[in-house]
>>> print(open('coords31.txt').read())   # compact mmCIF, C-alpha atoms
# COMPACT_ATOMS: atom_id res chain seq x y z
CA MET A 22 -26.09 6.58 -1.08
CA LYS A 23 -25.47 3.27 0.63
CA ILE A 24 -21.82 2.21 0.48
CA LEU A 25 -20.20 -1.18 1.07
CA VAL A 26 -16.46 -1.20 1.87
CA VAL A 27 -14.74 -4.57 1.48
CA GLY A 28 -12.04 -5.18 4.08
CA GLY A 29 -11.25 -4.66 7.73
CA GLY A 30 -7.91 -2.91 8.14
CA GLY A 31 -6.65 0.58 8.86
CA ARG A 32 -7.00 1.54 5.20
CA GLU A 33 -10.65 0.51 5.21
CA HIS A 34 -11.28 2.41 8.46
CA ALA A 35 -9.81 5.55 6.87
CA ILE A 36 -11.98 5.07 3.79
CA CYS A 37 -15.11 4.66 5.94
CA TRP A 38 -14.16 7.79 7.90
CA ALA A 39 -13.64 9.81 4.71
CA LEU A 40 -16.99 8.60 3.35
CA SER A 41 -18.76 9.46 6.61
CA LYS A 42 -17.97 13.13 5.99
CA SER A 43 -19.87 13.15 2.69
CA ASN A 44 -23.37 14.64 2.67
CA ASN A 45 -24.32 12.16 -0.02
CA VAL A 46 -23.63 9.04 2.07
CA SER A 47 -26.58 7.74 4.07
CA ARG A 48 -25.25 4.36 5.23
CA ILE A 49 -21.87 2.60 5.29
CA TYR A 50 -21.34 -1.15 5.56
CA ALA A 51 -17.97 -2.85 6.04
CA ALA A 52 -17.23 -6.51 5.36
CA PRO A 53 -15.89 -7.67 7.71
CA GLY A 54 -14.79 -4.36 9.31
CA ASN A 55 -13.14 -4.12 12.72
CA GLY A 56 -13.69 -2.77 16.23
CA GLY A 57 -13.05 0.84 15.28
CA ILE A 58 -15.06 0.78 12.07
CA GLU A 59 -18.10 -0.26 14.11
CA ASP A 60 -18.41 3.33 15.34
CA ILE A 61 -19.12 4.71 11.85
CA ALA A 62 -20.32 1.73 9.82
CA GLN A 63 -22.31 -1.47 10.17
CA CYS A 64 -19.88 -4.38 10.15
CA VAL A 65 -21.04 -7.59 8.47
CA PRO A 66 -19.15 -10.88 8.96
CA ILE A 67 -18.47 -11.71 5.31
CA ASN A 68 -15.08 -12.88 4.05
CA PRO A 69 -13.77 -10.49 1.35
CA MET A 70 -13.12 -13.47 -0.93
CA ASN A 71 -16.71 -14.71 -0.71
CA PHE A 72 -18.02 -12.82 -3.74
CA GLU A 73 -21.33 -14.64 -3.86
CA GLU A 74 -22.21 -13.70 -0.28
CA LEU A 75 -21.02 -10.11 -0.74
CA ILE A 76 -23.16 -9.72 -3.85
CA ALA A 77 -26.19 -11.19 -2.11
CA PHE A 78 -25.74 -8.77 0.79
CA ALA A 79 -25.29 -5.78 -1.53
CA LYS A 80 -28.50 -6.65 -3.37
CA ASN A 81 -30.43 -7.35 -0.18
CA VAL A 82 -29.72 -3.98 1.47
CA GLY A 83 -29.66 -1.94 -1.75
CA VAL A 84 -25.98 -0.92 -1.83
CA ASP A 85 -25.39 1.84 -4.40
CA LEU A 86 -21.59 1.59 -4.54
CA THR A 87 -19.13 -1.06 -3.39
CA ILE A 88 -15.48 -0.19 -2.78
CA CYS A 89 -12.79 -2.87 -2.76
CA PRO A 90 -9.31 -1.61 -1.75
CA MET A 91 -7.84 -5.12 -1.24
CA ASP A 92 -5.42 -6.80 -3.65
CA ALA A 93 -6.48 -10.46 -3.41
CA PRO A 94 -10.20 -9.94 -4.18
CA LEU A 95 -9.35 -7.56 -7.04
CA VAL A 96 -6.87 -9.99 -8.59
CA ALA A 97 -9.43 -12.78 -8.17
CA GLY A 98 -12.07 -10.79 -10.06
CA ILE A 99 -14.44 -9.26 -7.51
CA VAL A 100 -15.13 -6.34 -9.85
CA ASP A 101 -16.08 -8.66 -12.71
CA ALA A 102 -18.37 -10.61 -10.36
CA PHE A 103 -20.18 -7.49 -9.13
CA GLN A 104 -20.48 -5.94 -12.57
CA GLY A 105 -21.81 -9.23 -13.90
CA GLU A 106 -24.71 -8.84 -11.47
CA GLY A 107 -25.33 -5.23 -12.50
CA LEU A 108 -23.76 -3.76 -9.34
CA THR A 109 -21.55 -0.65 -9.30
CA ILE A 110 -18.12 -1.22 -7.76
CA PHE A 111 -15.01 0.95 -7.48
CA GLY A 112 -11.82 -0.88 -8.41
CA PRO A 113 -10.06 -2.42 -11.42
CA ASN A 114 -11.37 -5.58 -13.07
CA LYS A 115 -9.43 -8.85 -13.15
CA HIS A 116 -7.69 -7.99 -16.41
CA ALA A 117 -6.48 -4.64 -15.07
CA ALA A 118 -5.51 -6.09 -11.67
CA GLN A 119 -2.80 -8.14 -13.40
CA ILE A 120 -0.61 -5.07 -12.97
CA GLU A 121 -0.19 -6.20 -9.34
CA GLY A 122 -1.13 -9.85 -9.63
CA SER A 123 1.84 -10.60 -11.90
CA LYS A 124 5.15 -8.80 -11.47
CA SER A 125 6.43 -10.15 -14.79
CA PHE A 126 3.34 -8.76 -16.52
CA ALA A 127 4.01 -5.37 -14.92
CA LYS A 128 7.70 -5.37 -15.87
CA ASP A 129 6.95 -6.39 -19.46
CA PHE A 130 4.35 -3.64 -19.61
CA MET A 131 6.86 -1.03 -18.41
CA LYS A 132 9.47 -2.23 -20.89
CA LYS A 133 7.02 -2.14 -23.80
CA TYR A 134 5.95 1.42 -23.05
CA SER A 135 9.40 2.76 -22.08
CA ILE A 136 8.45 3.50 -18.47
CA PRO A 137 11.60 3.94 -16.35
CA THR A 138 12.21 0.95 -14.07
CA ALA A 139 14.98 -1.41 -12.99
CA SER A 140 16.42 -3.73 -15.62
CA TYR A 141 15.15 -7.30 -15.19
CA GLU A 142 14.82 -10.85 -16.47
CA VAL A 143 12.03 -13.39 -15.95
CA PHE A 144 12.60 -17.09 -15.21
CA GLU A 145 10.64 -20.26 -14.55
CA ASP A 146 13.64 -22.59 -14.57
CA TYR A 147 15.95 -22.69 -11.52
CA GLU A 148 19.12 -23.50 -13.48
CA ALA A 149 18.55 -20.70 -15.98
CA ALA A 150 17.88 -18.27 -13.15
CA MET A 151 21.11 -19.29 -11.38
CA LEU A 152 23.09 -18.86 -14.59
CA HIS A 153 21.79 -15.30 -14.79
CA VAL A 154 22.63 -14.66 -11.13
CA VAL A 155 26.26 -15.73 -11.36
CA ASN A 156 26.78 -13.27 -14.22
CA SER A 157 25.07 -10.36 -12.44
CA GLU A 158 26.19 -7.53 -10.18
CA PHE A 159 24.94 -7.44 -6.59
CA PRO A 160 22.77 -6.62 -4.80
CA LEU A 161 19.94 -8.19 -6.80
CA VAL A 162 16.21 -8.12 -6.18
CA ILE A 163 14.38 -11.44 -6.58
CA LYS A 164 10.58 -11.39 -6.70
CA ALA A 165 7.98 -14.13 -6.74
CA ASP A 166 5.73 -13.28 -9.66
CA GLY A 167 2.35 -13.43 -7.92
CA LEU A 168 0.80 -12.19 -4.69
CA ALA A 169 2.70 -13.55 -1.71
CA ALA A 170 1.21 -11.77 1.30
CA GLY A 171 3.95 -9.15 1.28
CA LYS A 172 6.75 -11.71 1.59
CA GLY A 173 7.63 -12.38 -2.03
CA VAL A 174 10.43 -9.87 -2.60
CA LEU A 175 13.99 -10.44 -1.43
CA ILE A 176 17.09 -8.29 -1.77
CA CYS A 177 20.10 -10.57 -2.11
CA ALA A 178 23.64 -9.43 -1.36
CA ASN A 179 25.58 -12.31 -2.90
CA ILE A 180 25.36 -15.52 -4.93
CA GLU A 181 24.73 -17.65 -1.84
CA SER A 182 21.72 -15.66 -0.70
CA ALA A 183 20.35 -15.51 -4.26
CA GLU A 184 20.73 -19.30 -4.56
CA ARG A 185 18.76 -19.81 -1.35
CA ALA A 186 16.06 -17.42 -2.51
CA LEU A 187 15.66 -19.10 -5.89
CA ASP A 188 15.66 -22.58 -4.34
CA SER A 189 12.96 -21.53 -1.86
CA ILE A 190 10.75 -19.92 -4.48
CA LEU A 191 11.21 -22.09 -7.59
CA ASN A 192 12.05 -25.50 -6.11
CA LYS A 193 10.47 -25.60 -2.67
CA ARG A 194 7.55 -23.41 -3.77
CA ILE A 195 7.22 -21.62 -0.43
CA PHE A 196 4.82 -19.19 -2.13
CA GLY A 197 2.91 -21.88 -4.00
CA ALA A 198 1.71 -20.95 -7.48
CA SER A 199 2.81 -17.34 -6.89
CA GLY A 200 6.40 -18.58 -7.13
CA LYS A 201 6.10 -20.50 -10.40
CA THR A 202 7.86 -17.57 -12.05
CA VAL A 203 10.44 -15.17 -10.64
CA VAL A 204 11.58 -11.72 -11.68
CA ILE A 205 15.25 -10.88 -11.08
CA GLU A 206 16.08 -7.21 -11.32
CA GLU A 207 18.76 -4.67 -10.49
CA PHE A 208 18.70 -2.93 -7.14
CA LEU A 209 17.80 0.76 -7.39
CA HIS A 210 19.44 3.30 -5.09
CA GLY A 211 17.46 6.33 -3.93
CA VAL A 212 14.51 7.45 -1.83
CA GLU A 213 11.18 5.68 -2.08
CA CYS A 214 7.98 7.58 -2.78
CA SER A 215 4.39 6.32 -2.77
CA MET A 216 1.95 7.81 -5.26
CA LEU A 217 -1.76 6.95 -5.24
CA CYS A 218 -3.53 7.85 -8.48
CA PHE A 219 -7.22 8.02 -9.35
CA CYS A 220 -7.96 6.41 -12.73
CA ASP A 221 -11.14 6.29 -14.83
CA GLY A 222 -9.87 4.15 -17.69
CA GLU A 223 -9.07 7.22 -19.79
CA ASN A 224 -7.37 9.63 -17.39
CA ILE A 225 -4.97 9.40 -14.46
CA LEU A 226 -4.97 11.91 -11.59
CA PRO A 227 -2.10 11.58 -9.07
CA MET A 228 -2.85 12.40 -5.45
CA THR A 229 -0.43 13.99 -3.01
CA SER A 230 2.87 12.23 -2.30
CA ALA A 231 3.73 10.02 0.65
CA LYS A 232 6.62 8.02 2.06
CA ASP A 233 6.16 4.64 3.71
CA HIS A 234 8.45 3.10 6.35
CA LYS A 235 8.52 -0.68 5.91
CA ALA A 236 11.07 -2.05 8.41
CA ALA A 237 9.81 -3.13 11.84
CA PHE A 238 12.28 -1.13 13.91
CA ASP A 239 13.92 2.29 14.04
CA ARG A 240 16.50 3.32 11.44
CA ASP A 241 15.09 0.72 9.04
CA TYR A 242 16.36 -2.29 10.95
CA GLY A 243 14.61 -5.60 11.41
CA PRO A 244 12.24 -7.54 9.16
CA ASN A 245 10.02 -5.72 6.75
CA THR A 246 6.32 -5.32 7.37
CA GLY A 247 3.21 -4.12 5.60
CA GLY A 248 4.18 -0.62 6.73
CA MET A 249 5.00 0.86 10.15
CA GLY A 250 4.24 4.47 9.32
CA VAL A 251 3.84 7.12 6.63
CA ILE A 252 4.38 10.82 6.11
CA SER A 253 2.68 13.06 3.58
CA PRO A 254 3.81 14.93 1.61
CA ASN A 255 7.14 13.31 0.78
CA PRO A 256 9.71 16.16 1.00
CA HIS A 257 11.82 14.56 -1.74
CA TYR A 258 8.94 14.64 -4.23
CA THR A 259 9.53 18.17 -5.49
CA ARG A 260 7.64 19.98 -8.22
CA ALA A 261 10.41 19.16 -10.68
CA VAL A 262 10.22 15.46 -9.79
CA SER A 263 6.42 15.62 -10.06
CA LEU A 264 6.54 17.07 -13.58
CA ARG A 265 9.03 14.46 -14.68
CA ALA A 266 7.02 11.59 -13.14
CA THR A 267 3.88 12.84 -14.87
CA GLU A 268 5.48 12.94 -18.31
CA GLU A 269 7.65 9.83 -18.02
CA ILE A 270 5.54 7.55 -15.84
CA PHE A 271 1.90 8.47 -15.14
CA LYS A 272 0.83 9.52 -18.64
CA PRO A 273 2.67 6.66 -20.42
CA THR A 274 1.15 4.21 -17.94
CA MET A 275 -2.39 5.27 -18.76
CA GLU A 276 -1.64 5.39 -22.48
CA GLY A 277 -0.17 1.90 -22.22
CA PHE A 278 -3.29 0.68 -20.46
CA LYS A 279 -5.46 1.99 -23.27
CA GLN A 280 -3.21 0.47 -25.93
CA GLU A 281 -3.45 -2.90 -24.17
CA GLY A 282 -7.22 -2.69 -23.78
CA ILE A 283 -6.91 -2.42 -19.99
CA ASP A 284 -9.83 -0.50 -18.52
CA PHE A 285 -8.24 0.51 -15.23
CA VAL A 286 -10.85 2.17 -13.01
CA GLY A 287 -9.88 2.69 -9.38
CA VAL A 288 -6.76 3.70 -7.50
CA LEU A 289 -3.42 2.79 -9.05
CA PHE A 290 -0.55 2.73 -6.55
CA VAL A 291 2.77 3.63 -8.16
CA GLY A 292 5.78 2.88 -6.00
CA LEU A 293 8.65 5.09 -7.10
CA MET A 294 12.36 5.16 -6.41
CA LEU A 295 13.70 8.69 -6.72
CA THR A 296 17.15 8.01 -8.14
CA GLU A 297 19.95 10.25 -9.38
CA ASP A 298 18.70 9.49 -12.90
CA GLY A 299 15.14 10.50 -12.08
CA PRO A 300 12.05 8.70 -10.78
CA LYS A 301 11.71 5.02 -11.64
CA VAL A 302 8.88 2.57 -10.96
CA ILE A 303 9.53 -0.09 -8.34
CA GLU A 304 6.05 -1.57 -8.50
CA TYR A 305 2.43 -1.03 -9.41
CA ASN A 306 -0.40 -1.98 -7.06
CA CYS A 307 -3.99 -2.27 -8.22
CA ARG A 308 -5.32 -0.64 -5.03
CA PRO A 309 -4.49 2.12 -2.53
CA GLY A 310 -1.61 1.44 -0.14
CA ASP A 311 -1.87 0.71 3.57
CA PRO A 312 -0.95 2.83 5.54
CA GLU A 313 -0.44 5.45 2.79
CA THR A 314 -4.20 5.81 2.39
CA GLN A 315 -4.59 6.83 6.03
CA ALA A 316 -2.08 9.68 5.76
CA VAL A 317 -3.26 10.87 2.34
CA LEU A 318 -6.98 10.94 3.14
CA MET A 319 -6.32 13.13 6.19
CA ARG A 320 -5.06 15.80 3.78
CA LEU A 321 -7.78 15.42 1.13
CA ASP A 322 -10.10 18.44 1.03
CA THR A 323 -12.36 17.07 -1.72
CA ASP A 324 -15.36 14.82 -1.06
CA PHE A 325 -13.89 11.31 -1.35
CA LEU A 326 -17.14 9.92 -2.70
CA ASP A 327 -17.08 12.47 -5.52
CA CYS A 328 -13.54 11.31 -6.41
CA MET A 329 -14.63 7.71 -6.77
CA LEU A 330 -17.81 8.54 -8.66
CA ALA A 331 -15.77 10.63 -11.12
CA CYS A 332 -13.70 7.51 -11.80
CA VAL A 333 -16.64 5.13 -12.07
CA HIS A 334 -18.52 7.47 -14.46
CA LYS A 335 -15.35 8.30 -16.43
CA LYS A 336 -15.47 12.02 -15.65
CA LEU A 337 -11.98 12.47 -14.28
CA ASP A 338 -10.73 14.64 -17.16
CA ASN A 339 -11.89 17.94 -15.62
CA PHE A 340 -11.94 16.82 -12.00
CA LYS A 341 -9.90 18.84 -9.52
CA LEU A 342 -8.45 17.62 -6.24
CA ARG A 343 -8.07 19.99 -3.30
CA TRP A 344 -5.51 19.37 -0.58
CA LYS A 345 -5.17 20.87 2.85
CA ASN A 346 -2.07 23.00 3.35
CA SER A 347 -0.77 20.66 6.02
CA ALA A 348 1.40 17.62 6.65
CA THR A 349 0.44 14.30 8.18
CA CYS A 350 2.35 11.69 10.12
CA CYS A 351 0.96 8.18 10.56
CA VAL A 352 2.49 5.87 13.17
CA VAL A 353 1.47 2.21 13.38
CA ALA A 354 1.11 0.40 16.71
CA ALA A 355 1.86 -3.31 16.32
CA SER A 356 1.47 -6.42 18.47
CA LYS A 357 4.40 -8.26 20.01
CA GLY A 358 5.71 -10.76 17.48
CA TYR A 359 4.68 -8.79 14.40
CA PRO A 360 5.54 -9.22 11.53
CA GLY A 361 5.86 -12.86 12.57
CA GLU A 362 3.22 -14.50 14.75
CA PRO A 363 1.53 -11.67 16.69
CA LYS A 364 0.34 -12.05 20.27
CA THR A 365 -3.25 -10.82 20.43
CA GLY A 366 -6.26 -10.58 22.72
CA PHE A 367 -4.97 -7.78 24.98
CA GLU A 368 -7.03 -4.84 26.17
CA ILE A 369 -6.14 -1.46 24.64
CA TYR A 370 -5.95 1.44 27.07
CA GLY A 371 -6.18 5.15 26.35
CA LEU A 372 -8.24 5.20 23.18
CA ARG A 373 -10.39 8.32 23.03
CA ASP A 374 -11.19 11.35 20.87
CA PHE A 375 -7.95 13.31 20.50
CA GLY A 376 -9.44 16.24 18.60
CA LYS A 377 -9.76 17.27 14.98
CA ASP A 378 -6.03 17.04 14.22
CA VAL A 379 -5.71 13.37 15.24
CA LYS A 380 -7.47 10.27 13.98
CA ILE A 381 -7.07 6.74 15.30
CA PHE A 382 -7.67 4.27 12.50
CA HIS A 383 -8.12 0.71 13.73
CA ALA A 384 -6.50 -2.15 11.85
CA GLY A 385 -6.44 -5.29 14.02
CA THR A 386 -8.95 -4.66 16.81
CA LYS A 387 -12.16 -6.15 18.08
CA LYS A 388 -14.72 -4.53 20.36
CA ASP A 389 -16.47 -6.13 23.32
CA LYS A 390 -19.10 -3.74 24.65
CA ASP A 391 -17.08 -0.53 25.21
CA THR A 392 -13.64 -2.16 25.40
CA PHE A 393 -11.19 -2.67 22.53
CA PHE A 394 -8.84 -5.65 22.28
CA THR A 395 -5.95 -6.42 19.95
CA ASN A 396 -6.85 -8.76 17.10
CA GLY A 397 -3.99 -8.64 14.60
CA GLY A 398 -0.40 -7.74 13.84
CA ARG A 399 -0.88 -4.08 13.01
CA VAL A 400 -3.38 -2.93 15.63
CA PHE A 401 -4.09 0.75 14.97
CA ASN A 402 -2.71 3.85 13.26
CA VAL A 403 -2.27 7.24 14.90
CA VAL A 404 -2.56 9.85 12.14
CA ALA A 405 -1.82 13.43 13.10
CA SER A 406 -2.06 16.61 11.05
CA GLY A 407 0.07 19.73 11.49
CA LYS A 408 1.12 22.88 9.72
CA ASP A 409 4.36 21.08 8.84
CA LEU A 410 5.92 17.65 9.26
CA GLU A 411 7.62 18.54 12.54
CA GLU A 412 4.31 19.54 14.16
CA ALA A 413 2.54 16.49 12.76
CA ARG A 414 5.25 14.16 14.12
CA GLU A 415 5.16 15.79 17.54
CA THR A 416 1.38 15.40 17.77
CA ALA A 417 1.44 11.82 16.51
CA TYR A 418 4.00 10.68 19.06
CA LYS A 419 2.40 12.62 21.91
CA THR A 420 -0.82 10.79 21.12
CA MET A 421 0.82 7.38 20.72
CA ASN A 422 2.52 7.76 24.10
CA SER A 423 -0.88 8.00 25.79
CA ILE A 424 -2.17 4.67 24.38
CA ASP A 425 -0.99 1.25 25.50
CA PHE A 426 -1.55 -2.49 25.36
CA LEU A 427 0.59 -5.42 26.46
CA GLY A 428 3.42 -5.98 23.97
CA MET A 429 2.76 -2.83 21.93
CA HIS A 430 5.65 -1.61 19.81
CA TYR A 431 6.03 1.14 17.25
CA ARG A 432 8.79 2.98 15.44
CA LYS A 433 10.02 6.21 17.01
CA ASP A 434 11.51 7.66 13.82
CA ILE A 435 8.62 7.91 11.34
CA GLY A 436 9.25 11.04 9.28
CA ASP A 437 12.74 11.62 10.64
CA LEU A 438 14.35 13.14 7.57
CA THR A 439 17.84 12.24 8.75
CA ASP A 440 16.88 8.59 8.25
CA MET A 441 15.49 8.87 4.73
CA ASP A 442 18.50 7.18 3.13
CA THR A 443 19.25 4.57 5.79
CA PHE A 444 17.63 1.70 3.90
CA ALA A 445 20.10 2.05 1.03
CA GLN A 446 22.91 2.34 3.57
CA ASN A 447 21.74 -0.84 5.26
CA ILE A 448 21.89 -2.64 1.94
CA LEU A 449 25.52 -1.64 1.64
CA ALA A 450 26.08 -2.98 5.14
CA ILE A 451 24.59 -6.29 4.03
CA ILE A 452 26.98 -6.41 1.10
CA ASN A 453 29.84 -5.84 3.52
CA LYS A 454 28.51 -8.75 5.62
CA LYS A 455 27.80 -6.55 8.62
CA ARG A 456 24.24 -7.93 8.73
CA GLY A 457 22.27 -10.88 7.35
CA ASP A 458 22.32 -12.03 3.75
CA ASN A 459 19.00 -10.68 2.58
CA ILE A 460 16.09 -8.46 3.40
CA VAL A 461 12.48 -9.39 2.77
CA VAL A 462 10.64 -6.45 1.29
CA ASP A 463 6.88 -6.00 1.22
CA MET A 464 5.77 -5.36 -2.34
>>> encode(input="coords31.txt", output="structure tokens")
Amino acid sequence: MKILVVGGGGREHAICWALSKSNNVSRIYAAPGNGGIEDIAQCVPINPMNFEELIAFAKNVGVDLTICPMDAPLVAGIVDAFQGEGLTIFGPNKHAAQIEGSKSFAKDFMKKYSIPTASYEVFEDYEAAMLHVVNSEFPLVIKADGLAAGKGVLICANIESAERALDSILNKRIFGASGKTVVIEEFLHGVECSMLCFCDGENILPMTSAKDHKAAFDRDYGPNTGGMGVISPNPHYTRAVSLRATEEIFKPTMEGFKQEGIDFVGVLFVGLMLTEDGPKVIEYNCRPGDPETQAVLMRLDTDFLDCMLACVHKKLDNFKLRWKNSATCCVVAASKGYPGEPKTGFEIYGLRDFGKDVKIFHAGTKKDKDTFFTNGGRVFNVVASGKDLEEARETAYKTMNSIDFLGMHYRKDIGDLTDMDTFAQNILAIINKKRGDNIVVDM
């Protein structure tokens, strides 16, 4: 089969790598791809939002399956566009992608189908939102309703910070139309857990667990990013938690989709908070997470193409996933200035084949002949596998220490279990005015 992967980040590199192992894949294209993807796929310079050009390319080269793991094209209706031209594509249609495209839609959905989540209210009017805030307990979480490039969620410690957040979103419209509506919800205490789930419109099949690390610096300090590292499995996601999440969250979510006429085919990302009262949903995403995908796919022992075809052809009911008896640790190398304005264009030294237990997935790189250069905020991911988390972490950091570029920075504590609860502790520090007034959280 000929496969087209839409995107050019670390997640897309991992997907191309997983597909390259399938005996049923003859050719892989990536639009636009990146320097690392070039080694296993043909990169084509097409913007992921240019559906017309993507469709023309897919028809011209005879693509059998297109995969879109990006939020913006999915929310904008890339699946509808491809299907309208008779092309097979893996991902949810525009109607289903609302689950990420509108946070108020997602919260109303959870409320309607009794899916555990934080209590919330939705507002379009600044004055009404402020009236709610002054009568609420802090901290509060304020979210712009639509996609906001990972910058639309703020945790506010007091009335002053909430007032600034609401003024910025509703009055100043810093997120444009995405901030026409806001969701204000309670802050949940606990440990975060990322769950990626295959869906075929009728059935939902959770993958292995993972834990993302969002903050830029060690011990969860600094601004939040798209993700600075991941471990899999998440040691807090026990069998008991899994059973409860299945009965209280995953199954009701799919049943709710069917009741609402939502034909969700693709990967549903369910962001959980593991609280003292049980798992609760923080967010839904209509696509696989980045960098969760990189860590999870390293452990997948089932042909990834078969997984997607089972979803597309609605044959997930008897499908079985096999996982390697291992752990993975993914560490992200970022450019100086990230998550603000990254400094790019620097040569990357030390990239090579590190053996079967290590994969380097490129995110923001470009290739000039045989030399790689930085070309984005998150530059590459070192993903290492081991018999347990400790071995995986040791291998990941040993590998990372042998690669370098000017201004490179990365967290040194990915997977450090002693730091699992530091984010919640930092929130308490904010409340006590030991740090700034709010934290921006990538949702």
>>> residues_around(input="coords31.txt", residues="region 378-383 of chain A", least_positions_apart="5", cutoff="8 Å", atoms="all atoms listed in the file", output="list of chain:residue names")
A:Gly30, A:Gly31, A:Arg32, A:His34, A:Ala35, A:Asn55, A:Gly56, A:Gly57, A:Ile58, A:Gln315, A:Val400, A:Phe401, A:Asn402, A:Val403, A:Val404, A:Ala405, A:Ser406, A:Gly407, A:Thr416, A:Ala417
>>> atom_distance(input="coords31.txt", atom1="CA of Thr323 (chain A)", atom2="CA of Ala51 (chain A)")
22.1 Å
>>> atom_distance(input="coords31.txt", atom1="CA of Pro244 (chain A)", atom2="CA of Arg308 (chain A)")
23.6 Å
>>> closest_residue(input="coords31.txt", among="A:Ile270, A:Val143, A:Met228, A:Val251", to="Cys328 (chain A)", atoms="all atoms listed in the file")
A:Met228
>>> residues_around(input="coords31.txt", residues="Arg185 (chain A)", least_positions_apart="2", cutoff="12 Å", atoms="all atoms listed in the file", output="PyMOL selection string")
chain A and resi 147+150-151+154+163+175-183+187-193+195+458-459
>>> atom_distance(input="coords31.txt", atom1="CA of Cys89 (chain A)", atom2="CA of Met329 (chain A)")
11.5 Å
>>> residues_around(input="coords31.txt", residues="region 107-116 of chain A", least_positions_apart="3", cutoff="6 Å", atoms="all atoms listed in the file", output="ChimeraX atom specification")
/A:86-88,96,98,100-101,103-104,119,285-287
>>> closest_residue(input="coords31.txt", among="A:Val204, A:Ile36, A:Lys164, A:Asp60", to="Lys388 (chain A)", atoms="only C-alpha atoms")
A:Asp60
>>> closest_residue(input="coords31.txt", among="A:Asp92, A:Ala198, A:Ala62, A:Asp338", to="Ser41 (chain A)", atoms="only C-alpha atoms")
A:Ala62
>>> residues_near_point(input="coords31.txt", point="(9.4, -4.7, -6.6)", cutoff="10 Å", atoms="all atoms listed in the file", output="short mmCIF file (atom, residue, chain, number, x, y, z; two decimals) with C-alpha atoms, in the frame of the given file")
data_model
loop_
_atom_site.label_atom_id
_atom_site.label_comp_id
_atom_site.auth_asym_id
_atom_site.auth_seq_id
_atom_site.Cartn_x
_atom_site.Cartn_y
_atom_site.Cartn_z
CA LYS A 124 5.15 -8.80 -11.47
CA ALA A 127 4.01 -5.37 -14.92
CA LYS A 128 7.70 -5.37 -15.87
CA THR A 138 12.21 0.95 -14.07
CA ALA A 139 14.98 -1.41 -12.99
CA VAL A 162 16.21 -8.12 -6.18
CA ILE A 163 14.38 -11.44 -6.58
CA LYS A 164 10.58 -11.39 -6.70
CA ALA A 165 7.98 -14.13 -6.74
CA ASP A 166 5.73 -13.28 -9.66
CA GLY A 173 7.63 -12.38 -2.03
CA VAL A 174 10.43 -9.87 -2.60
CA LEU A 175 13.99 -10.44 -1.43
CA ILE A 176 17.09 -8.29 -1.77
CA VAL A 204 11.58 -11.72 -11.68
CA ILE A 205 15.25 -10.88 -11.08
CA GLU A 206 16.08 -7.21 -11.32
CA PHE A 208 18.70 -2.93 -7.14
CA GLY A 292 5.78 2.88 -6.00
CA LEU A 293 8.65 5.09 -7.10
CA VAL A 302 8.88 2.57 -10.96
CA ILE A 303 9.53 -0.09 -8.34
CA GLU A 304 6.05 -1.57 -8.50
CA TYR A 305 2.43 -1.03 -9.41
CA VAL A 462 10.64 -6.45 1.29
CA ASP A 463 6.88 -6.00 1.22
CA MET A 464 5.77 -5.36 -2.34
#
>>> residues_around(input="coords31.txt", residues="Ile252 (chain A)", least_positions_apart="3", cutoff="10 Å", atoms="only C-alpha atoms", output="list in words")
Ser215, Ser230, Ala231, Lys232, Asp233, His234, Asn255, Pro256, Pro312, Glu313, Gln315, Ala316, Val317, Ala348, Thr349, Cys350, Cys351, Val352, Val404, Ala405, Ser406, Leu410, Ala413, Arg414, Ile435, Gly436 and Asp437 of chain A
>>> closest_residue(input="coords31.txt", among="A:Pro254, A:Gly397, A:Pro160, A:Gly83", to="Ile24 (chain A)", atoms="all atoms listed in the file")
A:Gly83
>>> closest_residue(input="coords31.txt", among="A:Val27, A:Met91, A:Ile49, A:Ala236", to="Ile67 (chain A)", atoms="all atoms listed in the file")
A:Val27
>>> axis_aligned_box(input="coords31.txt", around="region 307-326 of chain A", padding_each_side="5 Å", output="AutoDock Vina command-line options")
--center_x -8.8 --center_y 8.1 --center_z -1.0 --size_x 26.7 --size_y 30.7 --size_z 24.4
>>> closest_residue(input="coords31.txt", among="A:Ser356, A:Ile424, A:Leu318, A:Leu337", to="Phe375 (chain A)", atoms="only C-alpha atoms")
A:Ile424
>>> residues_around(input="coords31.txt", residues="His430 (chain A)", least_positions_apart="4", cutoff="7 Å", atoms="all atoms listed in the file", output="list in words")
Ala354, Ala355, Ser356 and Lys357 of chain A
